[in-house]
file entry-v3.txt (compact mmCIF, C-alpha atoms)
# COMPACT_ATOMS: atom_id res chain seq x y z
CA MET A 1 114.35 86.88 -8.90
CA LYS A 2 112.46 89.98 -9.95
CA LYS A 3 112.48 93.15 -7.93
CA ILE A 4 108.68 93.40 -7.70
CA ILE A 5 106.66 90.34 -6.72
CA LEU A 6 102.93 90.26 -6.16
CA ILE A 7 101.01 87.52 -4.38
CA GLY A 8 97.63 86.70 -5.92
CA LEU A 9 94.51 85.87 -3.95
CA VAL A 10 91.60 85.79 -6.38
CA TRP A 11 89.87 83.43 -8.84
CA THR A 12 91.63 84.62 -11.95
CA MET A 13 94.80 84.17 -13.93
CA GLY A 14 98.15 85.61 -12.95
CA SER A 15 99.12 87.52 -9.84
CA PHE A 16 97.49 90.35 -7.97
CA SER A 17 98.12 92.61 -5.00
CA VAL A 18 97.80 90.94 -1.60
CA TRP A 19 96.09 93.52 0.55
CA ALA A 20 92.35 94.05 0.83
CA GLN A 21 90.67 97.02 -0.80
CA GLU A 22 90.59 100.09 1.41
CA THR A 23 86.88 100.76 0.99
CA ARG A 24 85.90 103.40 3.54
CA TYR A 25 82.40 104.57 4.26
CA GLU A 26 82.93 108.14 5.32
CA THR A 27 79.58 108.98 3.77
CA ASP A 28 76.88 106.93 2.10
CA PRO A 29 74.58 108.90 -0.22
CA THR A 30 71.80 106.30 0.06
CA CYS A 31 71.43 106.65 3.84
CA GLY A 32 70.27 109.13 6.44
CA CYS A 33 72.06 109.43 9.77
CA ASP A 34 72.44 105.65 9.95
CA ILE A 35 75.30 105.29 7.50
CA LEU A 36 75.24 101.51 7.34
CA TYR A 37 73.20 98.74 8.87
CA VAL A 38 74.62 95.21 9.04
CA ASP A 39 73.11 92.28 10.91
CA GLY A 40 71.52 94.24 13.74
CA ILE A 41 74.31 96.84 14.08
CA GLN A 42 73.90 100.34 12.68
CA THR A 43 76.50 102.98 12.10
CA THR A 44 76.00 106.23 14.00
CA ARG A 45 77.45 109.66 13.39
CA ASP A 46 78.22 112.71 15.47
CA GLY A 47 79.57 115.43 13.22
CA ASP A 48 82.53 113.89 11.41
CA ARG A 49 82.95 111.00 13.87
CA TYR A 50 81.41 107.54 13.61
CA GLY A 51 80.47 104.68 15.91
CA PHE A 52 78.05 101.74 16.16
CA ARG A 53 75.00 100.70 18.16
CA ARG A 54 72.68 97.71 18.21
CA ASP A 55 68.95 97.83 17.70
CA ASP A 56 68.42 97.44 21.45
CA GLY A 57 70.37 100.66 22.03
CA PHE A 58 73.60 99.05 23.24
CA VAL A 59 76.53 101.21 22.14
CA VAL A 60 78.96 98.90 20.38
CA ALA A 61 81.44 101.74 19.84
CA PRO A 62 81.15 105.46 20.66
CA ASN A 63 81.36 108.07 17.91
CA ILE A 64 85.14 108.44 18.00
CA TYR A 65 86.29 107.12 14.61
CA SER A 66 87.12 109.23 11.56
CA HIS A 67 86.25 106.35 9.20
CA VAL A 68 84.55 103.00 9.61
CA ASP A 69 84.10 99.98 7.37
CA GLN A 70 81.11 97.63 7.64
CA PHE A 71 80.92 94.57 9.88
CA SER A 72 81.75 91.23 8.30
CA GLY A 73 81.99 87.96 10.18
CA GLY A 74 81.63 89.80 13.50
CA TYR A 75 84.55 92.19 12.90
CA CYS A 76 84.92 95.70 11.54
CA ARG A 77 87.86 97.87 10.51
CA VAL A 78 87.93 101.36 12.04
CA TRP A 79 90.18 104.41 11.78
CA LEU A 80 90.93 106.89 14.55
CA GLU A 81 92.59 109.11 11.99
CA ASP A 82 93.26 108.69 8.28
CA THR A 83 96.32 106.50 8.86
CA LEU A 84 95.52 104.85 12.21
CA CYS A 85 93.59 101.66 11.51
CA GLY A 86 92.36 99.00 13.94
CA LEU A 87 89.79 96.24 14.38
CA ILE A 88 86.75 95.93 16.67
CA SER A 89 84.31 93.08 17.31
CA ALA A 90 80.51 93.10 17.20
CA SER A 91 80.50 93.19 21.01
CA GLY A 92 82.53 96.41 20.96
CA GLU A 93 85.82 94.86 22.02
CA VAL A 94 88.91 96.47 20.52
CA ILE A 95 90.57 93.48 18.88
CA VAL A 96 93.52 95.38 17.39
CA PRO A 97 94.26 98.96 18.49
CA CYS A 98 94.28 101.75 15.91
CA ILE A 99 98.04 101.92 15.37
CA TYR A 100 98.42 100.46 11.86
CA ASP A 101 98.36 101.91 8.37
CA ASN A 102 96.08 99.13 7.18
CA ILE A 103 94.50 96.00 8.57
CA ASN A 104 92.55 92.98 7.32
CA LEU A 105 89.79 90.81 8.74
CA PRO A 106 91.02 87.71 10.63
CA SER A 107 91.98 84.51 8.86
CA CYS A 108 93.09 81.33 10.65
CA GLY A 109 93.23 83.27 13.94
CA ARG A 110 95.63 85.86 12.57
CA VAL A 111 95.15 89.49 11.54
CA LEU A 112 97.28 90.81 8.69
CA VAL A 113 98.51 94.33 9.45
CA THR A 114 100.82 96.80 7.77
CA LYS A 115 102.79 99.79 8.99
CA ASN A 116 105.46 101.87 7.31
CA GLY A 117 105.39 99.63 4.26
CA LEU A 118 105.96 96.36 6.11
CA PHE A 119 103.54 93.52 6.82
CA GLY A 120 103.07 91.34 9.90
CA TYR A 121 100.37 89.56 11.90
CA THR A 122 98.66 89.86 15.27
CA ASP A 123 96.51 87.36 17.16
CA LEU A 124 92.82 87.97 17.94
CA HIS A 125 93.79 89.98 21.02
CA GLY A 126 95.94 92.40 19.05
CA ASN A 127 99.21 90.92 20.28
CA PRO A 128 101.93 90.94 17.59
CA VAL A 129 102.85 87.30 16.87
CA ILE A 130 104.68 87.68 13.55
CA PRO A 131 106.78 90.87 13.31
CA LEU A 132 106.31 93.60 10.74
CA SER A 133 109.10 92.36 8.51
CA TYR A 134 107.67 91.44 5.10
CA PRO A 135 107.52 93.75 2.05
CA GLN A 136 104.29 91.94 1.09
CA ALA A 137 102.18 89.27 2.74
CA ALA A 138 98.87 87.51 2.18
CA LEU A 139 96.01 86.32 4.36
CA PHE A 140 96.33 82.89 5.95
CA SER A 141 94.57 79.92 4.36
CA ASP A 142 95.11 76.27 5.23
CA ASN A 143 97.14 77.73 8.15
CA ARG A 144 99.74 79.03 5.71
CA ALA A 145 100.38 82.46 4.28
CA ALA A 146 102.42 83.53 1.27
CA VAL A 147 104.99 86.22 2.05
CA VAL A 148 107.68 88.13 0.19
CA VAL A 149 111.16 88.20 1.74
CA ALA A 150 114.15 90.32 0.82
CA LEU A 151 117.10 88.26 -0.37
CA ASP A 152 119.23 91.41 -0.43
CA SER A 153 118.67 95.10 -1.11
CA PHE A 154 117.68 94.44 -4.72
CA PHE A 155 116.08 90.99 -5.00
CA TYR A 156 112.97 89.50 -3.47
CA ALA A 157 111.37 86.06 -3.44
CA CYS A 158 108.23 84.36 -2.16
CA THR A 159 107.77 81.62 0.39
CA TYR A 160 105.20 80.50 2.97
CA ILE A 161 104.99 80.80 6.75
CA ASP A 162 102.85 79.07 9.37
CA THR A 163 100.70 80.84 11.97
CA LEU A 164 103.70 81.10 14.34
CA GLY A 165 105.82 82.81 11.71
CA ASN A 166 108.03 79.83 10.93
CA THR A 167 109.32 79.82 7.36
CA LEU A 168 108.16 76.58 5.78
CA PHE A 169 110.16 76.45 2.54
CA ASP A 170 113.17 78.07 0.95
CA PRO A 171 112.29 81.44 -0.68
CA ILE A 172 112.65 80.27 -4.27
CA TYR A 173 109.41 81.40 -5.89
CA GLU A 174 108.88 84.41 -8.13
CA SER A 175 105.21 84.53 -7.22
CA ALA A 176 102.92 82.57 -4.92
CA LEU A 177 99.16 82.23 -4.52
CA SER A 178 97.20 81.14 -1.46
CA PHE A 179 96.87 77.51 -0.36
CA SER A 180 93.52 75.83 -0.92
CA ASN A 181 92.61 72.17 -0.63
CA GLY A 182 96.19 71.42 0.38
CA TYR A 183 97.86 72.95 -2.69
CA ALA A 184 99.15 76.33 -3.81
CA PRO A 185 100.09 77.72 -7.23
CA VAL A 186 103.70 78.95 -7.41
CA LYS A 187 105.83 80.47 -10.14
CA GLN A 188 109.45 79.68 -10.98
CA TYR A 189 111.39 80.79 -14.03
CA GLU A 190 108.28 82.44 -15.47
CA ARG A 191 106.26 79.21 -15.26
CA TRP A 192 103.48 78.11 -12.92
CA GLY A 193 102.81 74.85 -11.12
CA LEU A 194 101.56 73.52 -7.76
CA ILE A 195 103.17 72.58 -4.48
CA ASP A 196 101.63 70.64 -1.60
CA THR A 197 101.70 71.58 2.08
CA LEU A 198 105.17 70.04 2.46
CA GLY A 199 106.57 72.13 -0.37
CA ARG A 200 106.78 69.21 -2.78
CA GLU A 201 106.09 69.75 -6.44
CA ALA A 202 102.61 68.41 -7.12
CA LEU A 203 102.24 69.83 -10.63
CA PRO A 204 105.36 70.76 -12.63
CA THR A 205 106.05 74.46 -13.11
CA VAL A 206 105.56 74.38 -16.87
CA TYR A 207 102.46 76.53 -17.40
CA GLU A 208 102.38 80.12 -18.57
CA GLN A 209 99.10 80.80 -16.75
CA ILE A 210 97.22 79.40 -13.79
CA THR A 211 94.15 80.39 -11.78
CA THR A 212 93.70 80.29 -8.04
CA ILE A 213 92.13 77.11 -6.65
CA ASP A 214 88.39 77.37 -5.92
CA HIS A 215 86.78 74.34 -4.25
CA GLY A 216 89.53 72.17 -5.71
CA ILE A 217 88.99 73.52 -9.23
CA PHE A 218 91.59 75.40 -11.26
CA PHE A 219 92.77 75.98 -14.82
CA ALA A 220 96.31 76.04 -16.20
CA GLY A 221 97.82 76.26 -19.64
CA ASP A 222 99.77 78.19 -22.24
CA GLY A 223 98.83 80.85 -24.75
CA ASP A 224 95.12 81.49 -25.16
CA GLY A 225 93.81 78.15 -23.86
CA LEU A 226 93.78 76.54 -20.44
CA ALA A 227 93.07 73.00 -19.28
CA PHE A 228 90.61 72.14 -16.51
CA PHE A 229 91.80 70.43 -13.29
CA ASN A 230 89.86 68.99 -10.34
CA LEU A 231 91.96 68.05 -7.33
CA ALA A 232 89.21 65.75 -6.06
CA LEU A 233 89.82 63.51 -9.09
CA SER A 234 93.60 63.28 -8.77
CA ASP A 235 94.79 59.67 -8.79
CA ASN A 236 97.45 58.75 -6.19
CA ASN A 237 98.25 62.46 -5.85
CA LYS A 238 98.93 62.63 -9.59
CA ILE A 239 97.30 65.82 -10.76
CA LYS A 240 96.40 65.65 -14.41
CA PRO A 241 94.35 67.86 -16.72
CA LEU A 242 90.84 66.64 -17.43
CA THR A 243 90.48 68.56 -20.69
CA GLN A 244 92.58 69.82 -23.53
CA PRO A 245 93.98 73.37 -23.01
CA VAL A 246 91.23 75.08 -25.00
CA TYR A 247 89.21 76.92 -22.34
CA VAL A 248 89.18 80.21 -20.48
CA PRO A 249 87.17 80.23 -17.19
CA VAL A 250 84.39 82.81 -17.04
CA THR A 251 82.47 81.86 -13.87
CA PRO A 252 83.52 80.26 -10.57
CA PRO A 253 82.26 76.76 -9.72
CA ALA A 254 78.59 76.65 -8.66
CA ASP A 255 75.96 73.90 -8.77
CA ASN A 256 78.67 71.52 -10.09
CA ARG A 257 79.13 73.68 -13.16
CA VAL A 258 81.95 75.97 -14.28
CA GLY A 259 81.38 78.56 -16.98
CA VAL A 260 84.02 78.53 -19.72
CA SER A 261 84.77 80.16 -23.03
CA ARG A 262 86.05 78.27 -26.08
CA ASN A 263 86.69 79.87 -29.45
CA GLY A 264 84.84 82.98 -28.35
CA LYS A 265 81.65 81.18 -27.27
CA MET A 266 80.60 80.21 -23.76
CA GLY A 267 79.16 77.11 -22.08
CA PHE A 268 79.66 74.96 -18.97
CA LEU A 269 81.85 72.09 -17.83
CA ASP A 270 80.84 69.62 -15.13
CA LEU A 271 83.32 68.74 -12.40
CA ASN A 272 84.68 65.87 -14.50
CA GLY A 273 85.65 68.30 -17.24
CA ARG A 274 82.86 67.29 -19.61
CA GLU A 275 81.35 70.08 -21.68
CA VAL A 276 77.81 69.30 -20.57
CA ILE A 277 76.41 72.58 -21.90
CA PRO A 278 78.08 73.30 -25.26
CA CYS A 279 79.94 76.54 -25.84
CA THR A 280 77.33 78.18 -28.05
CA TYR A 281 76.40 81.28 -26.04
CA ASP A 282 77.73 84.83 -26.20
CA GLU A 283 77.45 85.19 -22.41
CA VAL A 284 76.71 82.96 -19.43
CA GLY A 285 76.24 83.72 -15.75
CA THR A 286 77.10 81.82 -12.61
CA PHE A 287 74.59 79.13 -11.65
CA LYS A 288 72.34 79.90 -8.70
CA LEU A 289 69.52 77.65 -7.53
CA GLY A 290 70.26 75.45 -10.53
CA ARG A 291 69.63 78.29 -12.98
CA ALA A 292 71.93 80.54 -15.02
CA LEU A 293 71.62 83.52 -17.33
CA VAL A 294 72.55 83.02 -20.99
CA ARG A 295 72.73 85.48 -23.87
CA VAL A 296 72.70 85.05 -27.64
CA GLY A 297 73.23 88.32 -29.45
CA ASN A 298 71.02 90.88 -27.71
CA HIS A 299 68.58 88.36 -26.29
CA PHE A 300 68.62 86.81 -22.81
CA GLY A 301 67.18 83.68 -21.29
CA ILE A 302 67.68 81.21 -18.44
CA ILE A 303 68.86 77.58 -18.53
CA ASP A 304 69.13 74.78 -15.97
CA THR A 305 72.22 72.69 -15.16
CA LEU A 306 71.39 70.25 -17.99
CA GLY A 307 71.18 73.04 -20.53
CA ASN A 308 67.40 72.93 -20.79
CA ILE A 309 65.81 76.26 -21.66
CA ILE A 310 63.84 77.50 -18.64
CA LEU A 311 63.14 80.97 -20.00
CA PRO A 312 63.24 81.35 -23.79
CA ILE A 313 66.19 83.32 -25.11
CA GLU A 314 64.09 86.19 -26.37
CA TYR A 315 64.20 88.77 -23.58
CA SER A 316 66.06 92.09 -23.48
CA ASP A 317 68.24 94.14 -21.13
CA ASN A 318 67.61 97.78 -21.96
CA THR A 319 66.41 99.20 -18.64
CA SER A 320 68.88 100.65 -16.17
CA LYS A 321 68.54 98.20 -13.28
CA GLY A 322 70.92 95.26 -13.09
CA HIS A 323 70.66 91.80 -11.51
CA LYS A 324 68.27 90.62 -14.21
CA TYR A 325 67.90 86.93 -15.08
CA VAL A 326 69.42 85.91 -11.73
CA TYR A 327 67.30 84.37 -8.97
CA TYR A 328 66.80 86.12 -5.64
CA ASP A 329 64.18 84.72 -3.26
CA SER A 330 63.49 82.15 -6.02
CA LEU A 331 62.32 84.85 -8.45
CA ALA A 332 64.24 86.39 -11.34
CA LEU A 333 63.77 89.91 -12.69
CA VAL A 334 63.23 89.86 -16.48
CA GLU A 335 62.52 92.47 -19.13
CA ARG A 336 60.06 92.30 -22.02
CA ASP A 337 59.13 95.19 -24.32
CA GLY A 338 60.72 97.68 -21.93
CA LEU A 339 58.74 96.50 -18.92
CA LEU A 340 59.97 94.46 -15.94
CA GLY A 341 58.42 91.48 -14.17
CA TYR A 342 59.42 88.34 -12.30
CA VAL A 343 59.51 84.64 -13.20
CA ASP A 344 59.75 81.60 -10.94
CA LEU A 345 62.22 78.71 -11.18
CA GLN A 346 60.12 77.12 -13.93
CA GLY A 347 60.25 80.31 -16.02
CA HIS A 348 56.59 81.17 -15.42
CA PHE A 349 55.60 84.77 -14.75
CA VAL A 350 54.58 85.22 -11.13
CA ILE A 351 54.49 88.99 -11.52
CA PRO A 352 53.80 90.05 -15.15
CA PRO A 353 56.02 92.69 -16.81
CA ARG A 354 54.35 95.99 -15.97
CA PHE A 355 56.98 98.06 -14.18
CA LYS A 356 59.11 100.75 -15.79
CA GLU A 357 61.89 100.14 -13.27
CA ALA A 358 62.43 97.50 -10.60
CA TYR A 359 65.09 95.84 -8.48
CA HIS A 360 65.65 92.20 -7.64
CA PHE A 361 63.97 90.69 -4.58
CA SER A 362 65.69 90.87 -1.22
CA GLN A 363 64.30 89.60 2.07
CA GLY A 364 60.97 88.85 0.41
CA LEU A 365 60.38 92.34 -1.01
CA ALA A 366 61.28 94.21 -4.19
CA PRO A 367 61.09 97.95 -4.90
CA VAL A 368 59.26 98.69 -8.18
CA LEU A 369 58.31 101.83 -10.09
CA PHE A 370 54.66 102.06 -11.17
CA GLU A 371 52.97 105.10 -12.70
CA GLY A 372 55.78 107.42 -11.62
CA ALA A 373 56.14 106.35 -7.97
CA TRP A 374 58.07 103.65 -6.13
CA GLY A 375 56.61 101.05 -3.79
CA TYR A 376 57.33 97.50 -2.66
CA VAL A 377 55.75 94.20 -3.71
CA ASN A 378 56.07 90.78 -2.08
CA THR A 379 56.90 87.52 -3.87
CA ARG A 380 53.20 86.95 -4.66
CA GLY A 381 53.01 90.26 -6.50
CA GLU A 382 50.91 91.90 -3.79
CA ILE A 383 51.54 95.54 -2.92
CA TYR A 384 53.33 95.58 0.42
CA LEU A 385 54.22 99.30 0.66
CA PRO A 386 52.20 101.76 -1.43
CA PHE A 387 53.50 103.57 -4.51
CA ILE A 388 54.30 106.84 -2.73
CA PHE A 389 58.09 107.10 -2.79
CA ASP A 390 60.32 109.25 -5.00
CA ILE A 391 63.14 106.67 -4.73
CA ALA A 392 63.35 103.27 -3.02
CA SER A 393 66.21 100.81 -2.54
CA PRO A 394 66.33 97.03 -1.97
CA PHE A 395 66.34 95.81 1.63
CA ARG A 396 69.61 94.73 3.17
CA TRP A 397 69.97 93.46 6.73
CA GLY A 398 66.36 94.50 7.34
CA ARG A 399 66.79 98.12 6.25
CA ALA A 400 66.07 100.12 3.09
CA GLU A 401 66.32 103.77 2.08
CA VAL A 402 63.41 105.70 0.60
CA PHE A 403 62.72 109.30 -0.41
CA PHE A 404 59.26 110.55 0.54
CA GLN A 405 58.17 114.10 -0.26
CA GLY A 406 61.78 115.08 -0.80
CA ARG A 407 63.10 113.71 2.50
CA ARG A 408 65.35 110.70 2.93
CA HIS A 409 64.17 108.01 5.35
CA LYS A 410 65.34 104.62 6.51
CA ILE A 411 62.65 101.96 6.97
CA ASP A 412 62.50 98.44 8.37
CA LEU A 413 60.84 95.35 6.93
CA GLN A 414 57.51 96.28 8.53
CA GLY A 415 57.54 99.68 6.83
CA HIS A 416 58.22 101.57 10.06
CA CYS A 417 60.03 104.88 9.65
CA LEU A 418 63.38 104.87 11.47
CA THR A 419 65.08 108.16 10.50
CA ASN A 420 64.03 111.76 9.75
CA CYS A 421 60.46 110.76 10.59
CA ASN A 422 58.90 114.01 11.86
CA GLY A 423 55.83 112.22 13.16
CA ILE A 424 55.69 109.49 10.52
CA ILE A 425 55.31 106.14 12.27
CA SER A 426 54.80 103.75 9.36
CA PHE A 427 54.43 103.88 5.57
CA ARG A 428 52.08 100.89 5.46

call {"tool": "encode", "arguments": {"input": "entry-v3.txt", "output": "structure tokens"}}
result
Amino acid sequence: MKKIILIGLVWTMGSFSVWAQETRYETDPTCGCDILYVDGIQTTRDGDRYGFRRDDGFVVAPNIYSHVDQFSGGYCRVWLEDTLCGLISASGEVIVPCIYDNINLPSCGRVLVTKNGLFGYTDLHGNPVIPLSYPQAALFSDNRAAVVVALDSFFYACTYIDTLGNTLFDPIYESALSFSNGYAPVKQYERWGLIDTLGREALPTVYEQITTIDHGIFFAGDGDGLAFFNLALSDNNKIKPLTQPVYVPVTPPADNRVGVSRNGKMGFLDLNGREVIPCTYDEVGTFKLGRALVRVGNHFGIIDTLGNIILPIEYSDNTSKGHKYVYYDSLALVERDGLLGYVDLQGHFVIPPRFKEAYHFSQGLAPVLFEGAWGYVNTRGEIYLPFIFDIASPFRWGRAEVFFQGRRHKIDLQGHCLTNCNGIISFR
């Protein structure tokens, strides 16, 4: 076994580090004193310390933390000091005390924690249930977690544990990915395959490359080409490729389509492995609302899941704002002749291209730049907030940031001023 072993967790080929990114929001240049706002909870600040409160004024957490993350799924990572990390709930309960070097959001009722270079797990009350004993460990999925164990002082191997910390299989794997749909990719002797929840070989370890399993879909193969697999179509637990090993995945499954590349061109497979949209494009995007971005050369358009052209492939992407040709609130931002507008699901312009800059829609509103000033329009193209702002951002969780006469403000969906108001009640 190799000295260094990494456990992968993402939709891609190969193996990647197991722990979550340590994104910390010590400051946020787009906000005023409310650093973040997520689902009715806003971050507060007192000097260099942070806390949280709800819209009704309830203090979720006092301003005692040196760093805070954002809430996700009702939980949030917090730091008392740079290296003392814990977990709180949306009700303000301390789930895991700030005693760890790093911590992850819960999975399968367990919280992955690390301290002094070792990994272990607590329950949702912060009680240690699996000791800090692993050089590396992954989040739980399907009530199993991949872990690295030391065979001796030089060699390591991967195996899996259950939520009580019981070792399920012999540590014989060079690398191991997370379980999904009852199977997990594992690597032995430099080759990848699949095991089931009992540790039995479900797909021989003969492949040079494999992806993680996403909704039962994965790819595996050798060299530059991979074959497409769908666990839902396995016959008597016999997992077989549905295509020749000629593809490279480029988008995750969505709307029963998977974006792939073949011979340098891109198209889409259906869940049976049929190339229902031929690989003729230079770029494709993930399907959303039955629509996907496509590019040929320097021109962009939109297709449906049958490959029909919804928006002709004749539009550009020269302005600075991203998220074009993707639907938000059933409208897509598109660019023509250097101006931005919005089309509906049929590819018809609902808001003609007339803006120098614009963002995608979010919560029914979009910030747009018109004649040198920013404002907001609704999905009918009507002006919702006037063109008076120096800068404006999309709404998220009912909040947006704007600059008005050189001052930064936070506003709600009704246009009410929430921060740095100095007598301003509303911008409507």

call {"tool": "residues_near_point", "arguments": {"input": "entry-v3.txt", "point": "(82.7, 94.7, 12.0)", "cutoff": "12 Å", "atoms": "all atoms listed in the file", "output": "ChimeraX atom specification"}}
result
/A:36-43,51-53,60-61,68-78,86-95,104-106

call {"tool": "residues_around", "arguments": {"input": "entry-v3.txt", "residues": "Ile411 in chain A", "least_positions_apart": "2", "cutoff": "7 Å", "atoms": "only C-alpha atoms", "output": "VMD selection string"}}
result
chain A and resid 399 to 401 409 413 415 to 418

call {"tool": "closest_residue", "arguments": {"input": "entry-v3.txt", "among": "A:Phe228, A:Gly126, A:Ile309, A:Ser234", "to": "Asp270 in chain A", "atoms": "only C-alpha atoms"}}
result
A:Phe228

call {"tool": "closest_residue", "arguments": {"input": "entry-v3.txt", "among": "A:Gly199, A:Gly347, A:Gly223, A:Gly216", "to": "Tyr173 in chain A", "atoms": "all atoms listed in the file"}}
result
A:Gly199

call {"tool": "residues_around", "arguments": {"input": "entry-v3.txt", "residues": "Ile64 in chain A", "least_positions_apart": "2", "cutoff": "6 Å", "atoms": "all atoms listed in the file", "output": "ChimeraX atom specification"}}
result
/A:49-50,62

call {"tool": "closest_residue", "arguments": {"input": "entry-v3.txt", "among": "A:Tyr183, A:Trp192, A:Trp397, A:Tyr327", "to": "Asp55 in chain A", "atoms": "all atoms listed in the file"}}
result
A:Trp397

call {"tool": "axis_aligned_box", "arguments": {"input": "entry-v3.txt", "around": "range 369-375 of chain A", "padding_each_side": "3 Å", "output": "JSON"}}
result
{"center_x": 55.6, "center_y": 104.2, "center_z": -8.2, "size_x": 11.3, "size_y": 12.4, "size_z": 14.9}

call {"tool": "closest_residue", "arguments": {"input": "entry-v3.txt", "among": "A:Phe218, A:Phe403, A:Tyr325, A:Phe268", "to": "Lys288 in chain A", "atoms": "only C-alpha atoms"}}
result
A:Tyr325

call {"tool": "residues_around", "arguments": {"input": "entry-v3.txt", "residues": "Gly182 in chain A", "least_positions_apart": "2", "cutoff": "9 Å", "atoms": "only C-alpha atoms", "output": "JSON list (two decimals) with C-alpha atoms, in the frame of the given file"}}
result
[["chain", "number", "residue", "atom", "x", "y", "z"],
["A", 142, "ASP", "CA", 95.11, 76.27, 5.23],
["A", 179, "PHE", "CA", 96.87, 77.51, -0.36],
["A", 180, "SER", "CA", 93.52, 75.83, -0.92],
["A", 184, "ALA", "CA", 99.15, 76.33, -3.81],
["A", 195, "ILE", "CA", 103.17, 72.58, -4.48],
["A", 196, "ASP", "CA", 101.63, 70.64, -1.60],
["A", 197, "THR", "CA", 101.70, 71.58, 2.08]]

call {"tool": "residues_near_point", "arguments": {"input": "entry-v3.txt", "point": "(97.9, 78.6, -19.4)", "cutoff": "12 Å", "atoms": "all atoms listed in the file", "output": "MDAnalysis selection string"}}
result
chainID A and resid 12:14 190:193 205:211 218:229 241 244:249

call {"tool": "residues_around", "arguments": {"input": "entry-v3.txt", "residues": "Pro171 in chain A", "least_positions_apart": "3", "cutoff": "6 Å", "atoms": "all atoms listed in the file", "output": "PyMOL selection string"}}
result
chain A and resi 157-159

call {"tool": "residues_around", "arguments": {"input": "entry-v3.txt", "residues": "Cys279 in chain A", "least_positions_apart": "2", "cutoff": "10 Å", "atoms": "only C-alpha atoms", "output": "ChimeraX atom specification"}}
result
/A:247,259-269,275-277,281-284

call {"tool": "write_last_selection", "arguments": {"input": "entry-v3.txt", "atoms": "C-alpha atoms", "output": "tab-separated table (two decimals), in the frame of the given file"}}
result
chain	number	residue	atom	x	y	z
A	247	TYR	CA	89.21	76.92	-22.34
A	259	GLY	CA	81.38	78.56	-16.98
A	260	VAL	CA	84.02	78.53	-19.72
A	261	SER	CA	84.77	80.16	-23.03
A	262	ARG	CA	86.05	78.27	-26.08
A	263	ASN	CA	86.69	79.87	-29.45
A	264	GLY	CA	84.84	82.98	-28.35
A	265	LYS	CA	81.65	81.18	-27.27
A	266	MET	CA	80.60	80.21	-23.76
A	267	GLY	CA	79.16	77.11	-22.08
A	268	PHE	CA	79.66	74.96	-18.97
A	269	LEU	CA	81.85	72.09	-17.83
A	275	GLU	CA	81.35	70.08	-21.68
A	276	VAL	CA	77.81	69.30	-20.57
A	277	ILE	CA	76.41	72.58	-21.90
A	281	TYR	CA	76.40	81.28	-26.04
A	282	ASP	CA	77.73	84.83	-26.20
A	283	GLU	CA	77.45	85.19	-22.41
A	284	VAL	CA	76.71	82.96	-19.43

call {"tool": "atom_distance", "arguments": {"input": "entry-v3.txt", "atom1": "CA of Val149 in chain A", "atom2": "CA of Pro135 in chain A"}}
result
6.6 Å

call {"tool": "atom_distance", "arguments": {"input": "entry-v3.txt", "atom1": "CA of Val402 in chain A", "atom2": "CA of Cys421 in chain A"}}
result
11.6 Å

call {"tool": "atom_distance", "arguments": {"input": "entry-v3.txt", "atom1": "CA of Arg257 in chain A", "atom2": "CA of Leu306 in chain A"}}
result
9.7 Å

call {"tool": "closest_residue", "arguments": {"input": "entry-v3.txt", "among": "A:Gly273, A:Gly381, A:Gly341, A:Pro97", "to": "Arg354 in chain A", "atoms": "all atoms listed in the file"}}
result
A:Gly341

call {"tool": "closest_residue", "arguments": {"input": "entry-v3.txt", "among": "A:Ser426, A:Thr114, A:Ser153, A:Thr167", "to": "Leu198 in chain A", "atoms": "only C-alpha atoms"}}
result
A:Thr167
